[in-house]
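This is structure-v2.txt (compact mmCIF, C-alpha atoms (C1' of nucleotides)).
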# COMPACT_ATOMS: atom_id res chain seq x y z
CA MET A 50 -19.04 26.67 9.73
CA ARG A 51 -19.62 22.98 10.34
CA ILE A 52 -17.63 20.11 8.95
CA GLY A 53 -19.86 19.50 5.97
CA GLU A 54 -19.43 22.99 4.62
CA LEU A 55 -15.69 22.95 5.17
CA ALA A 56 -15.51 19.62 3.42
CA GLU A 57 -17.46 20.94 0.49
CA ARG A 58 -15.48 24.15 0.18
CA THR A 59 -12.12 22.42 0.31
CA GLY A 60 -12.94 19.27 -1.61
CA THR A 61 -11.86 17.22 1.38
CA SER A 62 -13.80 14.40 3.00
CA ARG A 63 -15.11 14.86 6.52
CA ARG A 64 -13.06 11.87 7.48
CA LEU A 65 -9.87 13.64 6.47
CA LEU A 66 -10.78 16.85 8.21
CA ARG A 67 -11.14 14.89 11.44
CA TYR A 68 -7.88 13.15 10.69
CA TYR A 69 -6.06 16.45 10.17
CA GLU A 70 -7.45 17.62 13.47
CA GLU A 71 -6.31 14.45 15.17
CA ARG A 72 -2.83 15.10 13.79
CA GLY A 73 -2.92 18.64 15.12
CA LEU A 74 -2.97 20.37 11.75
CA ILE A 75 -6.22 22.21 12.32
CA VAL A 76 -8.31 23.03 15.34
CA SER A 77 -12.02 23.32 15.86
CA THR A 78 -14.26 24.52 18.62
CA ARG A 79 -17.28 22.53 19.66
CA CYS A 80 -20.88 23.64 19.69
CA ALA A 81 -23.12 22.73 22.59
CA ASN A 82 -24.30 19.66 20.73
CA GLY A 83 -20.76 18.39 20.14
CA TYR A 84 -20.56 19.42 16.50
CA ARG A 85 -17.27 20.85 15.32
CA ALA A 86 -17.26 24.55 14.41
CA TYR A 87 -14.63 25.92 12.06
CA ASP A 88 -13.35 29.37 11.49
CA GLU A 89 -13.58 30.86 8.02
CA ARG A 90 -9.80 30.90 7.71
CA LEU A 91 -9.70 27.13 7.91
CA VAL A 92 -10.63 26.96 4.26
CA ASP A 93 -7.30 28.33 3.13
CA ARG A 94 -5.49 26.41 5.78
CA VAL A 95 -6.95 23.09 4.66
CA LEU A 96 -6.14 23.87 1.04
CA GLN A 97 -2.60 24.62 2.07
CA ILE A 98 -2.36 21.36 3.98
CA ARG A 99 -3.63 19.41 1.02
CA GLY A 100 -1.09 21.03 -1.22
CA LEU A 101 1.74 20.17 1.09
CA LEU A 102 0.53 16.60 1.54
CA ASP A 103 0.26 16.23 -2.20
CA ALA A 104 3.79 17.53 -2.50
CA GLY A 105 5.01 14.70 -0.32
CA LEU A 106 5.28 16.22 3.12
CA PRO A 107 4.01 14.09 5.99
CA THR A 108 1.59 15.53 8.54
CA ARG A 109 4.34 15.45 11.15
CA ILE A 110 6.38 17.99 9.20
CA ILE A 111 3.42 20.03 8.07
CA LYS A 112 2.44 20.49 11.66
CA GLN A 113 5.87 21.90 12.42
CA ILE A 114 6.00 24.36 9.60
CA LEU A 115 2.44 25.64 9.68
CA PRO A 116 2.91 27.93 12.69
CA CYS A 117 5.68 29.78 10.88
CA LEU A 118 3.43 30.54 7.97
CA ASP A 119 1.00 32.71 9.86
CA LYS A 120 0.96 36.45 9.58
CA PRO A 121 1.15 38.04 11.97
CA ARG A 122 3.48 35.54 13.55
CA ALA A 123 1.68 33.10 15.75
CA ILE A 124 4.93 31.76 17.06
CA TYR A 125 7.20 34.12 18.88
CA PHE A 126 10.90 33.94 18.24
CA PRO A 127 12.02 33.13 21.75
CA ASP A 128 9.83 30.04 21.59
CA ALA A 129 11.76 28.63 18.68
CA THR A 130 14.17 26.06 19.99
CA PRO A 131 17.45 25.43 18.16
CA GLU A 132 16.25 21.93 17.32
CA MET A 133 13.14 23.31 15.72
CA LEU A 134 15.10 25.85 13.74
CA ALA A 135 17.37 23.09 12.53
CA THR A 136 14.36 21.06 11.47
CA LEU A 137 12.97 24.02 9.61
CA GLU A 138 16.22 24.62 7.78
CA ARG A 139 16.42 20.98 6.84
CA GLU A 140 12.86 20.99 5.56
CA ARG A 141 13.39 24.20 3.67
CA ASP A 142 16.35 22.60 1.91
CA ARG A 143 14.40 19.45 1.15
CA MET A 144 11.61 21.54 -0.29
CA THR A 145 14.09 23.39 -2.46
CA ALA A 146 15.38 20.06 -3.71
CA ARG A 147 11.86 18.90 -4.43
CA VAL A 148 11.10 22.04 -6.35
CA ALA A 149 14.24 21.57 -8.43
CA CYS A 150 13.40 17.96 -9.18
CA LEU A 151 9.81 18.69 -10.04
CA THR A 152 10.70 21.66 -12.20
CA ARG A 153 13.34 19.75 -14.09
CA ASN A 154 11.07 16.85 -14.84
CA ARG A 155 8.07 18.99 -15.59
CA ASP A 156 10.09 20.99 -18.08
CA ALA A 157 11.20 17.77 -19.72
CA ILE A 158 7.58 16.68 -20.03
CA SER A 159 6.65 20.05 -21.47
CA GLU A 160 9.42 19.79 -23.98
CA TYR A 161 8.29 16.34 -24.97
CA LEU A 162 4.71 17.50 -25.37
CA ASP A 163 5.84 20.43 -27.48
CA ALA A 164 7.85 18.12 -29.69
CA VAL A 165 4.86 15.83 -30.16
CA LYS A 166 2.64 18.77 -30.95
CA GLU A 167 5.04 20.05 -33.54
CA TYR A 168 5.40 16.60 -35.03
CA ASN A 169 1.65 16.26 -35.36
CA GLY A 170 1.26 19.74 -36.79
CA ARG A 171 3.90 19.06 -39.39
CA ARG A 172 2.40 15.76 -40.43
CA MET B 83 27.43 -3.04 -11.61
CA ARG B 84 25.61 -5.27 -9.20
CA ILE B 85 22.79 -4.34 -6.89
CA GLY B 86 25.01 -3.64 -3.90
CA GLU B 87 27.02 -1.01 -5.68
CA LEU B 88 23.96 0.64 -7.15
CA ALA B 89 22.40 0.67 -3.71
CA GLU B 90 25.48 2.26 -2.23
CA ARG B 91 25.85 4.86 -4.95
CA THR B 92 22.23 5.93 -4.81
CA GLY B 93 21.60 5.62 -1.11
CA THR B 94 18.77 3.22 -1.84
CA SER B 95 18.21 -0.16 -0.23
CA ARG B 96 18.52 -3.27 -2.36
CA ARG B 97 14.96 -4.03 -1.43
CA LEU B 98 13.79 -0.82 -3.05
CA LEU B 99 15.83 -1.31 -6.17
CA ARG B 100 14.10 -4.64 -6.67
CA TYR B 101 10.80 -2.98 -5.95
CA TYR B 102 11.41 -0.28 -8.55
CA GLU B 103 12.26 -2.99 -11.04
CA GLU B 104 9.10 -4.87 -10.17
CA ARG B 105 7.15 -1.68 -10.85
CA GLY B 106 8.87 -1.28 -14.19
CA LEU B 107 10.82 1.85 -13.32
CA ILE B 108 14.22 0.37 -13.99
CA VAL B 109 15.49 -2.66 -15.85
CA SER B 110 18.39 -4.97 -15.26
CA THR B 111 20.05 -7.73 -17.15
CA ARG B 112 20.97 -10.96 -15.47
CA CYS B 113 24.40 -12.52 -15.18
CA ALA B 114 24.82 -16.25 -15.69
CA ASN B 115 24.49 -16.80 -11.96
CA GLY B 116 21.21 -14.93 -11.73
CA TYR B 117 22.64 -11.74 -10.26
CA ARG B 118 21.19 -8.48 -11.53
CA ALA B 119 23.55 -6.32 -13.60
CA TYR B 120 22.96 -2.61 -13.93
CA ASP B 121 24.06 -0.09 -16.45
CA GLU B 122 26.04 2.90 -15.27
CA ARG B 123 23.23 5.22 -16.25
CA LEU B 124 20.94 3.63 -13.71
CA VAL B 125 22.59 5.70 -11.01
CA ASP B 126 21.09 8.92 -12.31
CA ARG B 127 17.85 7.21 -13.14
CA VAL B 128 17.43 5.91 -9.62
CA LEU B 129 18.23 9.30 -8.16
CA GLN B 130 15.62 10.81 -10.42
CA ILE B 131 13.05 8.23 -9.35
CA ARG B 132 13.75 8.91 -5.71
CA GLY B 133 13.33 12.61 -6.24
CA LEU B 134 10.00 12.15 -7.93
CA LEU B 135 8.78 9.72 -5.28
CA ASP B 136 9.83 12.13 -2.60
CA ALA B 137 7.91 14.83 -4.40
CA GLY B 138 4.77 12.81 -4.09
CA LEU B 139 4.44 11.06 -7.44
CA PRO B 140 3.42 7.41 -7.34
CA THR B 141 5.42 4.79 -9.23
CA ARG B 142 2.51 4.37 -11.64
CA ILE B 143 2.92 7.95 -12.86
CA ILE B 144 6.68 7.94 -12.72
CA LYS B 145 6.70 4.96 -15.00
CA GLN B 146 4.65 6.88 -17.52
CA ILE B 147 6.72 10.01 -17.56
CA LEU B 148 10.18 8.48 -17.46
CA PRO B 149 10.27 7.45 -21.13
CA CYS B 150 9.66 11.06 -22.17
CA LEU B 151 12.66 12.23 -20.25
CA ASP B 152 15.25 10.36 -22.26
CA LYS B 153 17.46 12.02 -24.78
CA PRO B 154 17.53 11.02 -27.47
CA ARG B 155 13.86 10.19 -27.34
CA ALA B 156 13.23 6.61 -26.40
CA ILE B 157 9.58 6.95 -27.22
CA TYR B 158 8.61 7.83 -30.73
CA PHE B 159 5.84 10.27 -31.29
CA PRO B 160 3.51 7.99 -33.20
CA ASP B 161 3.52 5.67 -30.20
CA ALA B 162 2.05 8.31 -27.98
CA THR B 163 -1.65 7.67 -27.67
CA PRO B 164 -4.02 10.58 -27.04
CA GLU B 165 -4.82 9.15 -23.63
CA MET B 166 -1.17 9.12 -22.71
CA LEU B 167 -0.70 12.68 -23.89
CA ALA B 168 -3.67 13.72 -21.81
CA THR B 169 -2.17 12.01 -18.79
CA LEU B 170 1.11 13.77 -19.36
CA GLU B 171 -0.56 17.15 -19.62
CA ARG B 172 -2.50 16.50 -16.46
CA GLU B 173 0.63 15.45 -14.60
CA ARG B 174 2.56 18.42 -15.91
CA ASP B 175 -0.14 20.69 -14.53
CA ARG B 176 -0.19 18.92 -11.20
CA MET B 177 3.57 19.24 -10.98
CA THR B 178 3.30 22.94 -11.70
CA ALA B 179 0.79 23.25 -8.88
CA ARG B 180 3.07 21.34 -6.56
CA VAL B 181 5.98 23.56 -7.43
CA ALA B 182 3.91 26.63 -6.70
CA CYS B 183 2.74 25.29 -3.36
CA LEU B 184 6.19 24.17 -2.31
CA THR B 185 7.81 27.41 -3.38
CA ARG B 186 5.26 29.51 -1.58
CA ASN B 187 5.62 27.60 1.66
CA ARG B 188 9.35 27.31 1.43
CA ASP B 189 9.64 31.05 0.95
CA ALA B 190 7.48 31.58 4.01
CA ILE B 191 9.77 29.32 6.03
CA SER B 192 12.79 31.19 4.74
CA GLU B 193 11.25 34.46 5.69
CA TYR B 194 10.50 33.17 9.14
CA LEU B 195 14.04 31.89 9.59
CA ASP B 196 15.43 35.22 8.43
CA ALA B 197 13.25 37.04 10.93
CA VAL B 198 14.42 34.79 13.73
CA LYS B 199 18.02 35.27 12.71
CA GLU B 200 17.65 39.01 12.70
CA TYR B 201 15.89 38.92 16.04
CA ASN B 202 18.71 36.89 17.56
CA GLY B 203 21.37 39.06 16.00
CA ARG B 204 19.77 42.19 17.37
CA ARG B 205 19.42 40.80 20.86
C1' DT C 114 -44.27 13.21 14.35
C1' DC C 115 -41.53 11.35 11.15
C1' DA C 116 -37.94 11.49 7.50
C1' DA C 117 -33.90 13.43 5.75
C1' DA C 118 -29.78 15.36 6.42
C1' DC C 119 -26.66 16.59 9.40
C1' DC C 120 -23.25 15.43 13.17
C1' DC C 121 -20.47 12.17 16.53
C1' DT C 122 -17.00 8.16 17.68
C1' DC C 123 -14.97 3.93 16.64
C1' DA C 124 -13.05 0.47 13.94
C1' DC C 125 -11.89 -2.28 10.17
C1' DA C 126 -9.68 -2.15 5.60
C1' DC C 127 -6.77 -0.87 1.75
C1' DA C 128 -2.81 0.77 -1.11
C1' DG C 129 1.69 2.37 -1.58
C1' DG C 130 6.42 2.71 -0.15
C1' DT C 131 9.56 0.55 2.89
C1' DG C 132 11.97 -2.58 6.48
C1' DT C 133 13.33 -7.10 7.84
C1' DG C 134 14.25 -11.71 7.96
C1' DA C 135 14.17 -16.56 6.40
C1' DA C 136 16.02 -20.09 3.35
C1' DG C 137 19.12 -20.74 0.12
C1' DG C 138 22.73 -20.11 -4.04
C1' DT C 139 27.60 -18.05 -5.62
C1' DC C 140 32.14 -16.55 -5.23
C1' DA C 141 36.53 -14.98 -3.41
C1' DA C 142 39.98 -15.05 -0.03
C1' DA C 143 42.16 -17.44 3.95
C1' DT D 125 37.65 -26.31 2.40
C1' DT D 126 35.52 -23.22 4.98
C1' DT D 127 34.07 -18.48 6.03
C1' DG D 128 32.11 -14.25 4.85
C1' DA D 129 30.20 -11.24 1.72
C1' DC D 130 27.65 -11.11 -1.91
C1' DC D 131 23.30 -12.44 -4.47
C1' DT D 132 18.34 -14.75 -5.14
C1' DT D 133 13.05 -15.10 -4.00
C1' DC D 134 9.37 -14.90 -0.82
C1' DA D 135 6.63 -13.32 2.81
C1' DC D 136 5.26 -10.98 6.74
C1' DA D 137 4.81 -6.40 8.79
C1' DC D 138 4.86 -1.47 9.43
C1' DC D 139 3.31 3.50 8.71
C1' DT D 140 0.64 6.90 6.49
C1' DG D 141 -3.15 8.80 4.14
C1' DT D 142 -7.66 7.54 2.93
C1' DG D 143 -12.34 5.05 2.33
C1' DT D 144 -16.30 3.02 4.37
C1' DG D 145 -19.64 1.63 7.40
C1' DA D 146 -21.81 0.64 11.91
C1' DG D 147 -24.27 2.47 15.78
C1' DG D 148 -26.10 6.42 17.55
C1' DG D 149 -27.41 11.53 18.56
C1' DT D 150 -29.43 16.35 16.64
C1' DT D 151 -31.83 19.48 13.80
C1' DT D 152 -34.93 20.92 10.33
C1' DG D 153 -38.71 20.75 7.25
C1' DA D 154 -42.96 18.20 5.52
The structure given in the file should be rewritten as structure tokens.
Amino acid sequence: MRIGELAERTGTSRRLLRYYEERGLIVSTRCANGYRAYDERLVDRVLQIRGLLDAGLPTRIIKQILPCLDKPRAIYFPDATPEMLATLERERDRMTARVACLTRNRDAISEYLDAVKEYNGRR
Amino acid sequence: MRIGELAERTGTSRRLLRYYEERGLIVSTRCANGYRAYDERLVDRVLQIRGLLDAGLPTRIIKQILPCLDKPRAIYFPDATPEMLATLERERDRMTARVACLTRNRDAISEYLDAVKEYNGRR
DNA sequence: TCAAACCCTCACACAGGTGTGAAGGTCAAA
DNA sequence: TTTGACCTTCACACCTGTGTGAGGGTTTGA
């Protein structure tokens, strides 16, 4: 798959796909003519990256956590340095905090919307 | 409370507190000498803002959703325009998507960390 | 063979959140 | 009265994710 198709299927500009590659979030092989070639699995991967970016994680962190998300494990345990494990734990906790914050505020919005709906129905 | 104390209690730089005010996320009264004076409740409010910013929401959106989060309601239903309600619904859905993405990835990190821990314990 | 539609690299530009520092006013304690 | 710790506004500057376009090569179909 070339960059245009990947862009289309993920709703991501070509520019950004190259940027993600530059940041080490995705990899591509090159055809003889220099064009990038992408594996089918990159579609999900890019979607995942976009979700994490949208959720406030910087590419630096995303790059660190992506290898742990593969099944089967792409990263073998002995390779995991204590520093990296500490980073992962810290990020996991930050993500938990983010989820809590988002959930709390989203529920408040929902409640507000429900109240408005009821008000309008009653009127 | 002056800006220094609020900064200290929220772990936010004075610069940012002024920035949030400029963006309409918080308000302050002014003392006779021109110093900003903050209400006690601003502590929680600022923490909430920081959480939402960290979760990827821009100040523009945060400003729109904050009024719906007050209890008792600071915004009366008739004031809510259809456009604003549509924005809120859209944001609520985006937040739900963010929560799902974050939860999924955080769980994967947790699982990875658990596997590493077990591996190290067994060794 | 030519045009359209791809692809490449490189570079400038922008917006948003944030840091930093200058130039200056206020206030409290020594 | 002076010093130090506050506060003010203003402005420049950074990083990150993203858009856009120039200048140029490749492939495919009319």
Nearest-residue call for DT132 of chain D, choices B:Pro160, B:Gly116, B:Gly93, B:Gly86, using all atoms listed in the file |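 Looking only at the distances to DT132 of chain D, the closest residue turns out to be B:Gly116.
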Between B:Asn202, B:Asn115, B:Ser110, B:Thr169, single out the one closest to chain C, counting only C-alpha atoms (C1' of nucleotides).
-> B:Asn115
Atom CA of Cys183 of chain B to atom CA of Tyr87 of chain A, straight-line distance in Å |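 For atom CA of Tyr87 of chain A relative to atom CA of Cys183 of chain B, the distance reads 23.2 Å.
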Got a sec to pull out which chain A residues are within 6 Å of chain B, counting only C-alpha atoms, and send them as a list in words?
-> Asp103, Ala104, Gly105, Leu118, Phe126, Arg141, Arg147, Val148, Arg155, Ala157 and Val165 of chain A
List every protein, DNA or RNA residue with an atom no more than 9 Å from (-9.2, 5.4, 11.6) in the file's coordinates, counting only C-alpha atoms (C1' of nucleotides), and format the result as number ranges by chain.
-> A: 64, 68; C: 123-125
Using only C-alpha atoms (C1' of nucleotides), which residues sit within 12 Å of Ala56 of chain A once same-chain residues fewer than 2 positions away are excluded, as a ChimeraX atom specification?
-> /A:50-54,58-67,87,91-93,95-96
How many Å separate atom C1' of DA126 of chain C from atom C1' of DG147 of chain D?
->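 Going from atom C1' of DA126 of chain C over to atom C1' of DG147 of chain D, I get 18.4 Å.
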Between atom CA of Glu71 of chain A and atom C1' of DG141 of chain D, measure the distance and give it in Å to one decimal.
-> 12.8 Å
Residues of chain C that have any atom at most 10 Å from an atom of chain B: could you tabulate them with the shortest-distance atom pair and the distance in Å to one decimal, using all atoms listed in the file, ordered by chain and increasing number, as CSV?
residue,atom,partner,partner_atom,distance
C:DG129,C1',B:Pro140,CA,7.8
C:DG130,C1',B:Leu98,CA,8.7
C:DT131,C1',B:Leu98,CA,7.4
C:DG132,C1',B:Arg97,CA,8.6
C:DT133,C1',B:Arg97,CA,9.9
C:DG138,C1',B:Asn115,CA,8.8
C:DT139,C1',B:Asn115,CA,7.2
Write the residues of the preceding selection, restricted to C-alpha atoms (C1' of nucleotides), as a PDB file, keeping the file's coordinate frame.
ATOM      1  C1'  DG C 129       1.690   2.370  -1.580  1.00  0.00           C
ATOM      2  C1'  DG C 130       6.420   2.710  -0.150  1.00  0.00           C
ATOM      3  C1'  DT C 131       9.560   0.550   2.890  1.00  0.00           C
ATOM      4  C1'  DG C 132      11.970  -2.580   6.480  1.00  0.00           C
ATOM      5  C1'  DT C 133      13.330  -7.100   7.840  1.00  0.00           C
ATOM      6  C1'  DG C 138      22.730 -20.110  -4.040  1.00  0.00           C
ATOM      7  C1'  DT C 139      27.600 -18.050  -5.620  1.00  0.00           C
TER       8       DT C 139
END
Identify every residue of chain D that has at least one atom within 12 Å of any atom of chain A, counting all atoms listed in the file, and report the result as a PyMOL selection string.
-> chain D and resi 139-144+149-151
